[in-house]
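Novice: Sending over upload_12.cif (mmCIF, C-alpha atoms).
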```
data_upload
loop_
_atom_site.label_atom_id
_atom_site.label_comp_id
_atom_site.auth_asym_id
_atom_site.auth_seq_id
_atom_site.Cartn_x
_atom_site.Cartn_y
_atom_site.Cartn_z
CA MET A 1 -19.75 21.06 -14.43
CA ALA A 2 -20.96 22.90 -17.60
CA ASP A 3 -24.12 20.73 -17.74
CA MET A 4 -25.00 21.50 -14.10
CA GLU A 5 -24.49 25.25 -14.68
CA GLU A 6 -26.78 25.10 -17.73
CA GLU A 7 -29.50 23.32 -15.70
CA ARG A 8 -29.29 25.93 -12.95
CA SER A 9 -29.58 28.77 -15.48
CA THR A 10 -32.63 27.15 -17.09
CA ALA A 11 -34.36 26.68 -13.71
CA ARG A 12 -33.76 30.32 -12.77
CA ALA A 13 -35.09 31.50 -16.14
CA ILE A 14 -38.32 29.48 -15.72
CA ALA A 15 -38.86 30.85 -12.22
CA ASP A 16 -38.35 34.43 -13.44
CA ARG A 17 -40.82 33.95 -16.29
CA LEU A 18 -43.44 32.50 -13.92
CA TRP A 19 -42.92 35.33 -11.46
CA ASN A 20 -43.40 37.96 -14.19
CA SER A 21 -46.51 36.15 -15.49
CA ARG A 22 -48.08 36.23 -12.01
CA TRP A 23 -47.87 40.00 -11.83
CA LEU A 24 -49.22 40.39 -15.36
CA LEU A 25 -52.27 38.28 -14.45
CA ALA A 26 -52.78 40.19 -11.19
CA ALA A 27 -52.69 43.48 -13.10
CA GLY A 28 -55.29 42.15 -15.52
CA VAL A 29 -57.65 41.18 -12.68
CA VAL A 30 -57.31 44.60 -11.06
CA ALA A 31 -58.20 46.20 -14.37
CA ILE A 32 -61.36 44.05 -14.61
CA VAL A 33 -62.41 44.96 -11.06
CA ILE A 34 -62.03 48.65 -11.88
CA VAL A 35 -64.18 48.20 -14.98
CA TYR A 36 -66.80 46.35 -12.87
CA VAL A 37 -66.99 49.07 -10.25
CA PHE A 38 -67.27 51.95 -12.68
CA ALA A 39 -69.10 50.25 -15.54
CA GLY A 40 -71.52 48.03 -13.57
CA MET A 41 -70.61 44.67 -15.04
CA SER A 42 -72.10 41.35 -13.84
CA ALA A 43 -71.02 39.82 -10.49
CA TYR A 44 -70.00 36.66 -12.35
CA VAL A 45 -67.27 38.68 -14.00
CA LEU A 46 -66.03 39.74 -10.57
CA LEU A 47 -65.98 36.14 -9.32
CA LEU A 48 -64.08 35.09 -12.44
CA ALA A 49 -61.58 37.85 -11.84
CA LEU A 50 -61.08 36.81 -8.25
CA ALA A 51 -60.53 33.16 -9.32
CA MET A 52 -57.94 34.33 -11.84
CA LEU A 53 -56.27 36.40 -9.12
CA PHE A 54 -56.07 33.36 -6.83
CA GLY A 55 -54.59 31.25 -9.64
CA ALA A 56 -52.15 33.99 -10.50
CA VAL A 57 -50.95 34.18 -6.93
CA MET A 58 -50.99 30.53 -5.84
CA LEU A 59 -50.21 28.44 -8.92
CA PRO A 60 -47.10 30.28 -10.17
CA THR A 61 -45.90 30.55 -6.59
CA GLY A 62 -46.07 26.77 -6.23
CA ILE A 63 -44.37 26.25 -9.56
CA GLY A 64 -41.78 28.84 -8.72
CA ARG A 65 -41.15 27.17 -5.37
CA GLN A 66 -40.72 23.82 -7.08
CA SER A 67 -38.35 25.34 -9.61
CA ALA A 68 -36.39 27.03 -6.83
CA GLU A 69 -36.20 23.77 -4.92
CA ARG A 70 -35.04 21.99 -8.06
CA ALA A 71 -32.40 24.66 -8.64
CA ALA A 72 -31.27 24.37 -5.03
CA ALA A 73 -31.04 20.59 -5.39
CA ILE A 74 -28.97 20.98 -8.55
CA GLU A 75 -26.73 23.47 -6.74
CA ALA A 76 -26.28 21.10 -3.79
CA SER A 77 -25.56 18.19 -6.11
CA GLY A 78 -22.96 20.24 -7.96
CA LEU A 79 -21.28 21.32 -4.74
CA GLN A 80 -21.29 17.72 -3.50
CA ARG A 81 -19.72 16.47 -6.71
CA LEU A 82 -17.15 19.29 -6.68
CA SER A 83 -16.26 18.48 -3.07
CA GLY A 84 -15.88 14.81 -3.99
CA GLU A 85 -13.49 15.72 -6.79
CA TYR A 86 -11.36 17.82 -4.44
CA LEU A 87 -11.24 14.99 -1.91
CA ALA A 88 -10.38 12.45 -4.63
CA ALA A 89 -7.48 14.63 -5.78
CA ALA A 90 -6.09 14.64 -2.23
CA VAL A 91 -5.99 10.83 -2.07
CA ALA A 92 -2.62 9.34 -3.05
CA ASP A 93 -4.08 5.96 -4.06
CA PRO A 94 -6.00 5.49 -7.34
CA LEU A 95 -9.64 6.44 -6.68
CA ILE A 96 -12.68 6.26 -8.98
CA ILE A 97 -16.16 7.69 -8.30
CA PHE A 98 -19.03 6.01 -10.20
CA ASP A 99 -22.83 5.99 -10.27
CA ARG A 100 -25.54 3.33 -10.08
CA THR A 101 -24.95 2.32 -13.70
CA ALA A 102 -21.26 1.60 -12.96
CA THR A 103 -20.31 4.60 -15.10
CA ILE A 104 -17.26 6.64 -14.11
CA VAL A 105 -18.14 10.09 -12.78
CA HIS A 106 -14.65 11.13 -11.71
CA ALA A 107 -11.16 9.60 -11.40
CA ASN A 108 -8.20 11.19 -9.62
CA ALA A 109 -4.73 11.70 -11.09
CA ALA A 110 -3.37 8.53 -9.46
CA ALA A 111 -6.06 6.45 -11.22
CA PHE A 112 -5.20 8.00 -14.60
CA ALA A 113 -1.51 7.26 -14.02
CA ALA A 114 -2.15 3.67 -12.91
CA PHE A 115 -4.71 2.57 -15.49
CA GLY A 116 -4.81 5.15 -18.27
CA GLY A 117 -7.62 5.34 -20.80
CA ILE A 118 -10.25 6.13 -18.13
CA ALA A 119 -12.53 9.13 -18.36
CA PRO A 120 -15.95 10.23 -17.09
CA GLY A 121 -18.67 8.35 -18.95
CA LEU A 122 -16.69 5.13 -19.35
CA SER A 123 -18.23 1.93 -18.03
CA LEU A 124 -16.28 0.29 -15.21
CA SER A 125 -17.54 -3.11 -16.32
CA LEU A 126 -15.80 -2.61 -19.66
CA LYS A 127 -12.59 -1.23 -18.16
CA PHE A 128 -12.14 -3.87 -15.42
CA ARG A 129 -13.25 -7.20 -16.88
CA ALA A 130 -11.69 -9.46 -14.24
CA PRO A 131 -14.32 -11.66 -12.56
CA GLU A 132 -13.40 -10.45 -9.08
CA MET A 133 -13.94 -6.81 -10.12
CA GLN A 134 -17.29 -7.65 -11.76
CA ALA A 135 -18.41 -9.42 -8.58
CA LEU A 136 -17.33 -6.44 -6.44
CA LEU A 137 -19.29 -3.97 -8.60
CA ASP A 138 -22.39 -6.19 -8.59
CA SER A 139 -22.33 -6.58 -4.80
CA ILE A 140 -21.96 -2.87 -4.05
CA LEU A 141 -24.57 -1.76 -6.62
CA SER A 142 -27.09 -4.38 -5.48
CA GLY A 143 -26.71 -3.22 -1.88
CA THR A 144 -25.98 -6.69 -0.57
CA VAL A 145 -22.96 -5.37 1.37
CA ALA A 146 -22.08 -1.94 2.70
CA SER A 147 -18.46 -2.38 1.60
CA ASP A 148 -16.20 -5.10 0.32
CA ALA A 149 -12.63 -5.64 -0.92
CA VAL A 150 -10.95 -7.93 -3.45
CA ASP A 151 -7.45 -8.58 -4.77
CA TYR A 152 -6.90 -7.36 -8.32
CA THR A 153 -3.82 -7.61 -10.55
CA GLU A 154 -3.10 -5.23 -13.41
CA LYS A 155 -0.77 -6.88 -15.97
CA LEU A 156 0.23 -3.94 -18.19
CA PRO A 157 2.40 -1.89 -18.57
CA VAL A 158 3.98 -3.56 -15.53
CA GLU A 159 2.42 -6.06 -13.18
CA ARG A 160 0.87 -4.37 -10.15
CA ALA A 161 -1.19 -5.95 -7.36
CA TYR A 162 -4.02 -3.98 -5.71
CA ARG A 163 -6.42 -4.45 -2.82
CA VAL A 164 -9.64 -2.87 -4.10
CA SER A 165 -12.41 -1.65 -1.79
CA ALA A 166 -15.82 -0.29 -2.78
CA SER A 167 -18.30 1.70 -0.73
CA SER A 168 -21.17 4.14 -1.02
CA VAL A 169 -20.34 7.84 -0.79
CA GLY A 170 -23.17 8.40 1.72
CA HIS A 171 -26.91 8.36 2.37
CA GLY A 172 -29.10 10.18 -0.10
CA THR A 173 -26.65 9.84 -3.02
CA ASP A 174 -26.31 7.46 -5.92
CA LEU A 175 -22.53 7.71 -6.02
CA TYR A 176 -19.99 5.04 -5.08
CA VAL A 177 -16.23 4.97 -4.78
CA LEU A 178 -13.50 2.45 -5.67
CA VAL A 179 -10.13 2.76 -3.91
CA PHE A 180 -7.10 0.80 -5.18
CA LYS A 181 -4.45 0.14 -2.52
CA ASP A 182 -1.15 -0.85 -4.15
CA GLN A 183 0.13 -4.10 -2.65
CA SER A 184 2.95 -4.68 -5.17
CA GLU A 185 5.81 -3.86 -2.81
CA ALA A 186 4.39 -6.07 -0.04
CA ARG A 187 3.92 -8.93 -2.52
CA ARG A 188 7.48 -8.49 -3.78
CA ILE A 189 8.84 -8.68 -0.25
CA ASP A 190 6.76 -11.81 0.40
CA ARG A 191 8.16 -13.44 -2.75
CA MET A 192 11.70 -12.49 -1.73
CA ARG A 193 11.16 -14.06 1.68
CA ALA A 194 9.73 -17.23 0.13
CA ASP A 195 12.61 -17.41 -2.38
CA PHE A 196 15.15 -17.03 0.37
CA ILE A 197 13.60 -19.75 2.49
CA ALA A 198 13.18 -22.12 -0.43
CA ASN A 199 16.53 -21.53 -2.16
CA ALA A 200 19.04 -19.78 0.08
CA SER A 201 18.41 -22.13 2.97
CA HIS A 202 19.00 -25.08 0.65
CA GLU A 203 22.16 -23.52 -0.77
CA LEU A 204 23.51 -22.94 2.74
CA ARG A 205 22.45 -26.32 4.11
CA THR A 206 24.60 -28.32 1.67
CA PRO A 207 28.00 -26.78 2.55
CA LEU A 208 27.09 -26.70 6.25
CA ALA A 209 26.31 -30.42 6.16
CA SER A 210 29.63 -31.08 4.41
CA ILE A 211 31.59 -29.04 6.93
CA ALA A 212 29.86 -30.76 9.86
CA GLY A 213 30.66 -34.18 8.37
CA PHE A 214 34.32 -33.35 7.80
CA ILE A 215 34.70 -31.96 11.32
CA GLU A 216 33.29 -35.18 12.71
CA THR A 217 35.70 -37.21 10.54
CA LEU A 218 38.69 -35.09 11.56
CA ARG A 219 37.87 -35.56 15.22
CA GLY A 220 37.43 -39.31 14.72
CA PRO A 221 38.93 -41.66 12.08
CA ALA A 222 41.14 -39.00 10.42
CA ARG A 223 42.50 -37.56 13.65
CA ASN A 224 46.01 -38.90 13.06
CA ASP A 225 45.95 -38.86 9.23
CA PRO A 226 47.79 -35.73 8.00
CA ALA A 227 46.95 -36.36 4.31
CA ALA A 228 43.22 -36.79 4.96
CA ARG A 229 43.22 -33.81 7.28
CA GLU A 230 44.77 -31.57 4.62
CA GLN A 231 42.27 -32.78 2.01
CA PHE A 232 39.26 -32.24 4.26
CA LEU A 233 40.44 -28.81 5.36
CA GLN A 234 40.75 -27.76 1.71
CA ILE A 235 37.19 -28.92 1.00
CA MET A 236 35.92 -27.11 4.10
CA GLN A 237 37.65 -23.94 2.96
CA ASN A 238 35.97 -24.23 -0.44
CA GLN A 239 32.58 -24.74 1.17
CA THR A 240 32.95 -21.75 3.49
CA GLY A 241 34.03 -19.68 0.48
CA ARG A 242 30.88 -20.80 -1.33
CA MET A 243 28.72 -19.70 1.61
CA ALA A 244 30.50 -16.36 1.77
CA ARG A 245 29.90 -15.74 -1.96
CA LEU A 246 26.24 -16.65 -1.57
CA ILE A 247 25.76 -14.26 1.34
CA ASP A 248 27.60 -11.48 -0.51
CA ASP A 249 25.39 -11.95 -3.58
CA LEU A 250 22.24 -11.99 -1.47
CA LEU A 251 23.24 -8.75 0.24
CA SER A 252 24.14 -7.15 -3.09
CA LEU A 253 20.81 -8.19 -4.62
CA SER A 254 18.92 -6.93 -1.58
CA ARG A 255 20.59 -3.52 -1.79
CA LEU A 256 19.74 -3.25 -5.48
CA GLU A 257 16.11 -4.24 -4.99
CA MET A 258 15.67 -1.58 -2.33
CA LYS A 259 16.42 1.13 -4.93
CA PRO A 260 15.28 -0.28 -8.30
CA TYR A 261 14.15 3.09 -9.73
CA LEU A 262 17.07 5.23 -8.56
CA LYS A 263 18.72 6.43 -11.76
CA PRO A 264 22.48 7.12 -11.57
CA GLY A 265 23.44 10.74 -12.04
CA THR A 266 27.14 10.41 -12.93
CA GLU A 267 28.92 9.61 -16.19
CA VAL A 268 31.12 6.58 -16.84
CA ASP A 269 33.93 5.99 -19.34
CA LEU A 270 32.65 2.66 -20.61
CA ARG A 271 35.81 1.76 -22.53
CA GLN A 272 38.01 2.22 -19.46
CA THR A 273 35.55 0.28 -17.27
CA ILE A 274 35.49 -2.75 -19.57
CA GLU A 275 39.28 -2.65 -19.99
CA SER A 276 39.57 -2.81 -16.18
CA VAL A 277 37.21 -5.80 -16.10
CA ILE A 278 39.27 -7.64 -18.73
CA ASP A 279 42.52 -6.93 -16.87
CA SER A 280 41.09 -8.17 -13.55
CA LEU A 281 39.80 -11.42 -15.08
CA GLY A 282 42.88 -12.05 -17.23
CA PRO A 283 44.50 -14.58 -14.82
CA MET A 284 41.26 -16.52 -14.43
CA ALA A 285 40.76 -16.63 -18.21
CA ARG A 286 44.31 -17.94 -18.73
CA ASP A 287 43.77 -20.62 -16.09
CA ASN A 288 40.70 -21.77 -18.01
CA GLY A 289 42.54 -21.69 -21.33
CA VAL A 290 40.42 -18.83 -22.71
CA ALA A 291 41.70 -15.91 -24.79
CA ILE A 292 39.79 -12.62 -24.46
CA GLU A 293 39.52 -10.63 -27.71
CA ARG A 294 38.54 -6.97 -28.00
CA ASP A 295 36.48 -5.29 -30.74
CA PHE A 296 35.88 -1.68 -29.64
CA ALA A 297 34.60 1.32 -31.55
CA GLU A 298 36.98 4.27 -31.97
CA GLY A 299 36.86 7.33 -29.75
CA PRO A 300 35.66 7.89 -26.19
CA ILE A 301 32.47 6.13 -25.17
CA ASN A 302 30.69 7.64 -22.18
CA VAL A 303 27.35 6.63 -20.70
CA PRO A 304 25.36 7.84 -17.68
CA GLY A 305 25.71 5.41 -14.79
CA ASP A 306 27.49 4.17 -11.71
CA ARG A 307 30.98 2.84 -12.45
CA ASP A 308 31.08 0.25 -9.67
CA GLU A 309 27.73 -1.21 -10.67
CA LEU A 310 28.58 -1.33 -14.38
CA PHE A 311 31.92 -2.94 -13.48
CA GLN A 312 29.94 -5.61 -11.60
CA VAL A 313 27.70 -6.19 -14.63
CA PHE A 314 30.50 -6.81 -17.11
CA GLU A 315 32.64 -8.69 -14.60
CA ASN A 316 29.76 -11.10 -14.05
CA LEU A 317 29.05 -11.57 -17.75
CA LEU A 318 32.72 -11.99 -18.72
CA GLU A 319 33.40 -14.38 -15.84
CA ASN A 320 30.43 -16.54 -16.89
CA ALA A 321 31.66 -16.57 -20.49
CA CYS A 322 35.13 -17.71 -19.42
CA LYS A 323 33.78 -20.38 -17.08
CA TYR A 324 30.88 -21.87 -19.00
CA GLY A 325 32.23 -21.24 -22.49
CA GLN A 326 35.82 -22.32 -21.88
CA SER A 327 35.48 -25.25 -24.31
CA GLY A 328 35.36 -22.66 -27.13
CA GLY A 329 38.81 -21.35 -26.23
CA ARG A 330 37.99 -17.66 -26.71
CA VAL A 331 35.62 -14.88 -25.73
CA VAL A 332 34.97 -11.77 -27.84
CA VAL A 333 34.08 -8.48 -26.12
CA SER A 334 32.72 -5.94 -28.62
CA MET A 335 31.49 -2.41 -28.11
CA ALA A 336 29.76 -0.25 -30.72
CA ARG A 337 27.42 2.72 -31.01
CA ASP A 338 23.83 1.77 -31.79
CA GLY A 339 22.68 3.46 -35.00
CA ASP A 340 19.00 3.44 -34.00
CA LYS A 341 17.97 7.12 -34.07
CA SER A 342 14.83 6.50 -32.00
CA GLU A 343 16.85 4.97 -29.16
CA PRO A 344 20.54 5.87 -29.50
CA GLY A 345 22.97 4.14 -27.19
CA ILE A 346 25.93 1.83 -26.78
CA ASP A 347 25.83 -1.93 -27.38
CA VAL A 348 28.31 -4.14 -25.50
CA THR A 349 28.33 -7.82 -26.50
CA ILE A 350 30.16 -10.61 -24.69
CA ARG A 351 30.22 -13.73 -26.82
CA ASP A 352 31.61 -17.16 -26.05
CA PHE A 353 31.92 -20.21 -28.29
CA GLY A 354 31.11 -22.92 -25.75
CA PRO A 355 28.22 -25.38 -25.56
CA GLY A 356 25.54 -22.66 -25.65
CA ILE A 357 22.25 -22.41 -23.77
CA PRO A 358 19.14 -24.42 -24.75
CA GLU A 359 16.37 -22.10 -25.95
CA GLU A 360 13.86 -23.11 -23.27
CA HIS A 361 16.18 -21.84 -20.51
CA ILE A 362 16.80 -18.35 -21.92
CA PRO A 363 13.55 -16.66 -20.68
CA ARG A 364 14.26 -17.77 -17.08
CA ILE A 365 18.03 -17.46 -16.92
CA THR A 366 17.94 -14.13 -15.03
CA GLU A 367 15.70 -15.49 -12.25
CA ARG A 368 17.17 -15.82 -8.78
CA PHE A 369 18.77 -19.23 -8.13
CA TYR A 370 17.85 -20.46 -11.63
CA ARG A 371 20.55 -22.65 -13.16
CA VAL A 372 20.78 -24.31 -16.58
CA ASP A 373 23.01 -27.07 -15.14
CA VAL A 374 23.10 -27.26 -11.34
CA GLU A 375 26.20 -29.45 -11.07
CA THR A 376 28.22 -27.41 -13.57
CA SER A 377 27.23 -24.20 -11.80
CA ARG A 378 28.33 -25.49 -8.41
CA THR A 379 31.57 -26.85 -9.87
CA GLN A 380 32.27 -23.35 -11.21
CA LYS A 381 31.46 -21.83 -7.78
CA GLY A 382 28.28 -20.16 -9.03
CA THR A 383 25.54 -18.98 -6.66
CA GLY A 384 22.66 -18.71 -9.15
CA LEU A 385 22.31 -14.97 -8.42
CA GLY A 386 24.77 -13.37 -10.82
CA LEU A 387 22.46 -12.71 -13.76
CA SER A 388 19.68 -11.57 -11.45
CA ILE A 389 22.08 -8.94 -10.08
CA VAL A 390 22.97 -7.97 -13.66
CA LYS A 391 19.28 -7.52 -14.52
CA HIS A 392 18.60 -5.29 -11.51
CA ILE A 393 21.62 -3.07 -12.16
CA LEU A 394 20.65 -2.62 -15.80
CA THR A 395 17.09 -1.77 -14.78
CA ARG A 396 18.48 1.04 -12.62
CA HIS A 397 20.46 2.29 -15.61
CA ASN A 398 17.45 2.21 -17.94
CA ALA A 399 19.35 -0.42 -19.94
CA ARG A 400 18.40 -3.87 -21.20
CA LEU A 401 19.95 -7.30 -21.57
CA SER A 402 19.42 -9.51 -24.64
CA ILE A 403 20.54 -13.14 -24.81
CA LYS A 404 21.05 -15.13 -27.99
CA SER A 405 22.34 -18.66 -28.07
CA GLU A 406 22.47 -21.76 -30.21
CA VAL A 407 23.36 -25.11 -28.72
CA GLY A 408 26.90 -26.09 -29.73
CA LYS A 409 27.77 -22.61 -31.02
CA GLY A 410 28.05 -20.53 -27.87
CA ALA A 411 26.06 -17.68 -26.38
CA ALA A 412 26.00 -13.91 -26.79
CA PHE A 413 24.94 -11.50 -24.03
CA LEU A 414 24.20 -8.00 -25.38
CA VAL A 415 23.88 -5.03 -23.04
CA HIS A 416 22.24 -1.90 -24.51
CA LEU A 417 23.02 1.24 -22.53
CA PRO A 418 21.37 4.59 -23.36
CA ALA A 419 23.66 7.34 -24.62
CA ARG A 420 24.01 10.69 -22.93
#
```
Spell out the structure here as structure tokens.

Specialist:
Amino acid sequence: MADMEEERSTARAIADRLWNSRWLLAAGVVAIVIVYVFAGMSAYVLLLALAMLFGAVMLPTGIGRQSAERAAAIEASGLQRLSGEYLAAAVADPLIIFDRTATIVHANAAAFAAFGGIAPGLSLSLKFRAPEMQALLDSILSGTVASDAVDYTEKLPVERAYRVSASSVGHGTDLYVLVFKDQSEARRIDRMRADFIANASHELRTPLASIAGFIETLRGPARNDPAAREQFLQIMQNQTGRMARLIDDLLSLSRLEMKPYLKPGTEVDLRQTIESVIDSLGPMARDNGVAIERDFAEGPINVPGDRDELFQVFENLLENACKYGQSGGRVVVSMARDGDKSEPGIDVTIRDFGPGIPEEHIPRITERFYRVDVETSRTQKGTGLGLSIVKHILTRHNARLSIKSEVGKGAAFLVHLPAR
């Protein structure tokens, strides 16, 4: 905007100087004519004076008109650009205006928030190096298409998927616009649907097939066999319980994914919450031959969060430790204040001494329906969704989960919760 204002000022100054020069020349010619009339100079002098008068009138006027037209064009260009900036600011999606050299002229606030590091004067070809973006820019600048759109994925700081369209601002301009339509939520829903079809349907099909088979047996060969009937009914009850747990976990996960960025506004007594979890799982731990040990820091420990959700987190982690680490005979639950001044918080660690988790499984262990050992998980009535639920709850609480394990020496799940 400062450059355009400077150009307009310069054009006006040139026009003013030319206008003043025209009147100076005209005054000079008049003076010569007066001298000719009263002093009897040659007629050639008069003709020369008239030629100078014509040049003084016509030539500066033409130049002045051109300068005025140029100033008007600069003014119109500035107003057009200013209007474009106002319109860009009103668009909720990331929007970038660029010129024929693929150089950024303007980017709205949504574009700065989404991509960062963009500013007028930066080359789009350097900022967006993906082949699909390069092809889109080439096609719109070459004029081969009036508009086009491509799919583009931004990896950092978080993965986001965009549908990017490019078009010319209008006739008579050398400006173009990129609009980024965020498709991340739609893609996430598509993945959830695909996961459900591929995994949940399989998980439900197995117990349903078992129940159907047992019903057929009970109505046929085992109709008059009380012992077989009791055995089959027990298995059917277990299978229906498995389906109920799976559906409950799916509903819980769905509710969490609908509000992943909703931060809890209440405060939780973390010590009391974990004590309640240990008390509720005490009978199950004893049945598995596991002793639960406590190692808590002194004093009250409060964190911002939702008590029911944090209860679900530690219940899930402690239950897994008692089930899958029961060969170690004990589980240690420790809680301490993190001494990191840059990120103060509370660390809760649940450690078992069972067979441990192979290193290659750790990065994927929080994925939905991912299991280290499918048969062991099903034997322990697992659904494959527990750690995924844990991850989503911790994300809502601005917390993180760290997993360390060594085969044969157990596993440790550390939850870091931010302090007040």

Novice: Pick out the closest residue to A:Ile274 from this set: A:Gln312, A:Ser210, A:Gln183, A:Thr217. Count only C-alpha atoms.

Specialist: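 Under the stated criterion, the closest residue is A:Gln312.
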
Novice: Name every residue that the PyMOL selection byres ((chain A and resi 273) around 12) selects in this structure, writing the answer as a PyMOL selection string with chains first and numbers rising.

Specialist: chain A and resi 267-272+274-280+300-303+305-315+335+348

Novice: Convert the output of the PyMOL selection byres ((chain A and resi 201-204) around 12) on the shown file into explicit residues, formatted as a PDB file with C-alpha atoms, in the frame of the given file.

Specialist:
```pdb
ATOM      1  CA  ARG A 193      11.160 -14.060   1.680  1.00  0.00           C
ATOM      2  CA  ALA A 194       9.730 -17.230   0.130  1.00  0.00           C
ATOM      3  CA  ASP A 195      12.610 -17.410  -2.380  1.00  0.00           C
ATOM      4  CA  PHE A 196      15.150 -17.030   0.370  1.00  0.00           C
ATOM      5  CA  ILE A 197      13.600 -19.750   2.490  1.00  0.00           C
ATOM      6  CA  ALA A 198      13.180 -22.120  -0.430  1.00  0.00           C
ATOM      7  CA  ASN A 199      16.530 -21.530  -2.160  1.00  0.00           C
ATOM      8  CA  ALA A 200      19.040 -19.780   0.080  1.00  0.00           C
ATOM      9  CA  ARG A 205      22.450 -26.320   4.110  1.00  0.00           C
ATOM     10  CA  THR A 206      24.600 -28.320   1.670  1.00  0.00           C
ATOM     11  CA  PRO A 207      28.000 -26.780   2.550  1.00  0.00           C
ATOM     12  CA  LEU A 208      27.090 -26.700   6.250  1.00  0.00           C
ATOM     13  CA  ALA A 209      26.310 -30.420   6.160  1.00  0.00           C
ATOM     14  CA  SER A 210      29.630 -31.080   4.410  1.00  0.00           C
ATOM     15  CA  ILE A 211      31.590 -29.040   6.930  1.00  0.00           C
ATOM     16  CA  GLN A 239      32.580 -24.740   1.170  1.00  0.00           C
ATOM     17  CA  THR A 240      32.950 -21.750   3.490  1.00  0.00           C
ATOM     18  CA  GLY A 241      34.030 -19.680   0.480  1.00  0.00           C
ATOM     19  CA  ARG A 242      30.880 -20.800  -1.330  1.00  0.00           C
ATOM     20  CA  MET A 243      28.720 -19.700   1.610  1.00  0.00           C
ATOM     21  CA  ALA A 244      30.500 -16.360   1.770  1.00  0.00           C
ATOM     22  CA  ARG A 245      29.900 -15.740  -1.960  1.00  0.00           C
ATOM     23  CA  LEU A 246      26.240 -16.650  -1.570  1.00  0.00           C
ATOM     24  CA  ILE A 247      25.760 -14.260   1.340  1.00  0.00           C
ATOM     25  CA  LEU A 250      22.240 -11.990  -1.470  1.00  0.00           C
ATOM     26  CA  PHE A 369      18.770 -19.230  -8.130  1.00  0.00           C
ATOM     27  CA  VAL A 374      23.100 -27.260 -11.340  1.00  0.00           C
ATOM     28  CA  ARG A 378      28.330 -25.490  -8.410  1.00  0.00           C
ATOM     29  CA  LYS A 381      31.460 -21.830  -7.780  1.00  0.00           C
ATOM     30  CA  GLY A 382      28.280 -20.160  -9.030  1.00  0.00           C
ATOM     31  CA  THR A 383      25.540 -18.980  -6.660  1.00  0.00           C
ATOM     32  CA  GLY A 384      22.660 -18.710  -9.150  1.00  0.00           C
ATOM     33  CA  LEU A 385      22.310 -14.970  -8.420  1.00  0.00           C
TER      34      LEU A 385
END
```

Novice: Can you give me, as JSON, numbers by chain, the residues this file yields under the PyMOL selection byres ((chain A and resi 388) around 9)?

Specialist: {"A": [253, 365, 366, 367, 368, 369, 384, 385, 386, 387, 389, 390, 391, 392, 393]}

Novice: For each of A:Arg364, A:Gly328, A:Leu178, A:Gly408, take the minimum atom-to-atom distance to A:Val91, counting all atoms listed in the file, then give the residue where this is smallest.

Specialist: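 Using all atoms listed in the file, A:Val91 sits closest to A:Leu178.
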
Novice: Using only C-alpha atoms, pick whichever of A:Val407, A:Ile189, A:Ala228, A:Val415 has the shortest atom-to-atom distance to A:Ile362.

Specialist: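 Looking at the shortest contact to A:Ile362, the residue is A:Val407.
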